[in-house]
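Source file: my_file_12.pdb (PDB, C-alpha atoms, pLDDT in the B column)
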MODEL        1
ATOM      1  CA  MET A   7     -11.555   4.180  -9.947  1.00 75.00           C
ATOM      2  CA  PRO A   8     -13.089   3.081  -6.688  1.00 82.00           C
ATOM      3  CA  TYR A   9      -9.963   1.287  -5.506  1.00 87.00           C
ATOM      4  CA  ASP A  10      -7.352   4.020  -5.987  1.00 91.00           C
ATOM      5  CA  TYR A  11      -7.215   4.902  -2.297  1.00 93.00           C
ATOM      6  CA  GLN A  12      -6.611   1.282  -1.345  1.00 94.00           C
ATOM      7  CA  LEU A  13      -3.858   0.829  -3.928  1.00 93.00           C
ATOM      8  CA  VAL A  14      -1.943   3.971  -3.069  1.00 94.00           C
ATOM      9  CA  GLY A  15      -2.431   3.647   0.684  1.00 95.00           C
ATOM     10  CA  GLY A  16      -1.376   0.009   0.656  1.00 96.00           C
ATOM     11  CA  ALA A  17       1.719   0.702  -1.423  1.00 95.00           C
ATOM     12  CA  VAL A  18       2.772   3.580   0.849  1.00 96.00           C
ATOM     13  CA  LEU A  19       2.227   1.473   3.969  1.00 97.00           C
ATOM     14  CA  VAL A  20       4.231  -1.429   2.558  1.00 97.00           C
ATOM     15  CA  ILE A  21       7.164   0.797   1.580  1.00 97.00           C
ATOM     16  CA  LEU A  22       7.235   2.656   4.906  1.00 97.00           C
ATOM     17  CA  SER A  23       6.861  -0.547   6.908  1.00 98.00           C
ATOM     18  CA  LEU A  24       9.815  -2.136   5.109  1.00 98.00           C
ATOM     19  CA  VAL A  25      11.918   0.869   6.089  1.00 97.00           C
ATOM     20  CA  GLY A  26      10.676   0.568   9.677  1.00 97.00           C
ATOM     21  CA  ILE A  27      11.368  -3.159   9.828  1.00 98.00           C
ATOM     22  CA  THR A  28      14.885  -2.642   8.476  1.00 98.00           C
ATOM     23  CA  ASN A  29      15.539   0.165  10.956  1.00 98.00           C
ATOM     24  CA  ALA A  30      14.277  -1.909  13.873  1.00 97.00           C
ATOM     25  CA  MET A  31      16.459  -4.858  12.908  1.00 97.00           C
ATOM     26  CA  VAL A  32      19.561  -2.663  12.558  1.00 97.00           C
ATOM     27  CA  GLU A  33      18.941  -1.125  15.994  1.00 97.00           C
ATOM     28  CA  ARG A  34      18.198  -4.583  17.467  1.00 97.00           C
ATOM     29  CA  ARG A  35      14.633  -3.688  18.403  1.00 97.00           C
ATOM     30  CA  SER A  36      11.472  -5.668  17.870  1.00 96.00           C
ATOM     31  CA  PRO A  37      10.057  -5.035  14.370  1.00 97.00           C
ATOM     32  CA  LEU A  38       6.517  -5.729  15.614  1.00 97.00           C
ATOM     33  CA  PHE A  39       4.928  -2.416  14.558  1.00 97.00           C
ATOM     34  CA  GLY A  40       6.632  -2.575  11.179  1.00 97.00           C
ATOM     35  CA  ILE A  41       5.292  -6.077  10.613  1.00 97.00           C
ATOM     36  CA  ILE A  42       1.788  -4.978  11.622  1.00 98.00           C
ATOM     37  CA  ALA A  43       1.986  -2.019   9.224  1.00 98.00           C
ATOM     38  CA  PHE A  44       3.255  -4.339   6.470  1.00 98.00           C
ATOM     39  CA  LEU A  45       0.310  -6.688   6.972  1.00 98.00           C
ATOM     40  CA  MET A  46      -2.097  -3.748   6.916  1.00 98.00           C
ATOM     41  CA  GLY A  47      -0.556  -2.499   3.672  1.00 97.00           C
ATOM     42  CA  VAL A  48      -0.808  -5.926   2.073  1.00 97.00           C
ATOM     43  CA  GLY A  49      -4.408  -6.117   3.257  1.00 97.00           C
ATOM     44  CA  LEU A  50      -5.189  -2.798   1.580  1.00 95.00           C
ATOM     45  CA  LEU A  51      -3.550  -3.966  -1.646  1.00 94.00           C
ATOM     46  CA  VAL A  52      -5.541  -7.205  -1.612  1.00 94.00           C
ATOM     47  CA  TRP A  53      -8.738  -5.283  -0.887  1.00 93.00           C
ATOM     48  CA  GLY A  54      -8.056  -2.996  -3.846  1.00 90.00           C
ATOM     49  CA  TRP A  55      -7.356  -6.037  -6.000  1.00 90.00           C
ATOM     50  CA  LEU A  56     -10.675  -7.566  -4.993  1.00 91.00           C
ATOM     51  CA  LEU A  57     -12.537  -4.310  -5.671  1.00 88.00           C
ATOM     52  CA  SER A  58     -11.011  -4.125  -9.141  1.00 85.00           C
ATOM     53  CA  GLY A  59     -12.616  -7.416 -10.094  1.00 83.00           C
ATOM     54  CA  TRP A  60      -9.308  -9.336 -10.197  1.00 79.00           C
ATOM     55  CA  GLU A  61      -8.060  -7.097 -13.044  1.00 82.00           C
ATOM     56  CA  MET A  62      -5.407  -5.062 -11.235  1.00 81.00           C
ATOM     57  CA  ASN A  63      -1.851  -4.997 -12.586  1.00 85.00           C
ATOM     58  CA  PRO A  64       1.244  -3.471 -11.001  1.00 86.00           C
ATOM     59  CA  SER A  65       1.206  -0.958 -13.849  1.00 88.00           C
ATOM     60  CA  ASP A  66      -2.080   0.446 -12.500  1.00 86.00           C
ATOM     61  CA  LEU A  67      -0.372   1.991  -9.463  1.00 91.00           C
ATOM     62  CA  PRO A  68       1.151   5.070 -11.172  1.00 94.00           C
ATOM     63  CA  ALA A  69      -2.162   5.818 -12.884  1.00 92.00           C
ATOM     64  CA  ALA A  70      -3.931   5.522  -9.526  1.00 91.00           C
ATOM     65  CA  VAL A  71      -1.493   8.005  -7.958  1.00 94.00           C
ATOM     66  CA  TYR A  72      -2.077  10.487 -10.785  1.00 94.00           C
ATOM     67  CA  ARG A  73      -5.869  10.090 -10.528  1.00 93.00           C
ATOM     68  CA  LEU A  74      -5.740  10.820  -6.792  1.00 93.00           C
ATOM     69  CA  ILE A  75      -3.552  13.875  -7.323  1.00 94.00           C
ATOM     70  CA  ALA A  76      -5.963  15.148  -9.988  1.00 94.00           C
ATOM     71  CA  GLU A  77      -8.934  14.492  -7.695  1.00 91.00           C
ATOM     72  CA  TRP A  78      -7.425  16.482  -4.822  1.00 87.00           C
ATOM     73  CA  LYS A  79      -6.798  19.598  -6.935  1.00 80.00           C
TER      74      LYS A  79
ENDMDL
END
Can the structure from this file be put into structure tokens for me?
Amino acid sequence: MPYDYQLVGGAVLVILSLVGITNAMVERRSPLFGIIAFLMGVGLLVWGWLLSGWEMNPSDLPAAVYRLIAEWK
């Protein structure tokens, strides 16, 4: 699928940015970079959704990960 990279990259960015935001808030730092990474991840997910022709479901993410792993081998 042409949007696999966007789906997987966006999901990874969102998950890592949530960890970074939580860490920054616990250490009483500014979560600015985590918020920027979160917005970039959401942007990638929306871009992948638009490329899919508005047909993307959350259940498509595991299949996209497996397709990328198979492509890299």
May I ask for the distance between atom CA of A:Leu38 and atom CA of A:Asp10, given in Å to one decimal place?
->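 Taking atom CA of A:Leu38 and atom CA of A:Asp10, their separation equals 27.5 Å.
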Which residue of A:Val52, A:Ile42, A:Ser36, A:Met7 approaches A:Leu22 most closely, using all atoms listed in the file = A:Ile42
To verify the selection step, state as a short mmCIF file (atom, residue, chain, number, x, y, z; two decimals) with C-alpha atoms, keeping the file's coordinate frame which residues the PyMOL selection byres ((chain A and resi 73) around 12) yields on this input.
data_model
loop_
_atom_site.label_atom_id
_atom_site.label_comp_id
_atom_site.auth_asym_id
_atom_site.auth_seq_id
_atom_site.Cartn_x
_atom_site.Cartn_y
_atom_site.Cartn_z
CA MET A 7 -11.56 4.18 -9.95
CA PRO A 8 -13.09 3.08 -6.69
CA TYR A 9 -9.96 1.29 -5.51
CA ASP A 10 -7.35 4.02 -5.99
CA TYR A 11 -7.22 4.90 -2.30
CA LEU A 13 -3.86 0.83 -3.93
CA VAL A 14 -1.94 3.97 -3.07
CA ASP A 66 -2.08 0.45 -12.50
CA LEU A 67 -0.37 1.99 -9.46
CA PRO A 68 1.15 5.07 -11.17
CA ALA A 69 -2.16 5.82 -12.88
CA ALA A 70 -3.93 5.52 -9.53
CA VAL A 71 -1.49 8.01 -7.96
CA TYR A 72 -2.08 10.49 -10.78
CA LEU A 74 -5.74 10.82 -6.79
CA ILE A 75 -3.55 13.88 -7.32
CA ALA A 76 -5.96 15.15 -9.99
CA GLU A 77 -8.93 14.49 -7.70
CA TRP A 78 -7.42 16.48 -4.82
CA LYS A 79 -6.80 19.60 -6.94
#
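Atom pair atom CA of A:Val48 / atom CA of A:Gly15: separated by 9.8 Å.
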Hey, can you check how far atom CA of A:Leu51 sits from atom CA of A:Ser65?
->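 Answer for the atom CA of A:Leu51 to atom CA of A:Ser65 separation: 13.4 Å.
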Give the answer as one residue: which of A:Gly47, A:Gln12, A:Phe39, A:Leu19 has the shortest atom-to-atom distance to A:Met62, using all atoms listed in the file?
-> A:Gln12
Across A:Gly59, A:Val18, A:Ser23, A:Met31, the smallest distance to A:Phe44, with only C-alpha atoms counted, is shown by A:Ser23
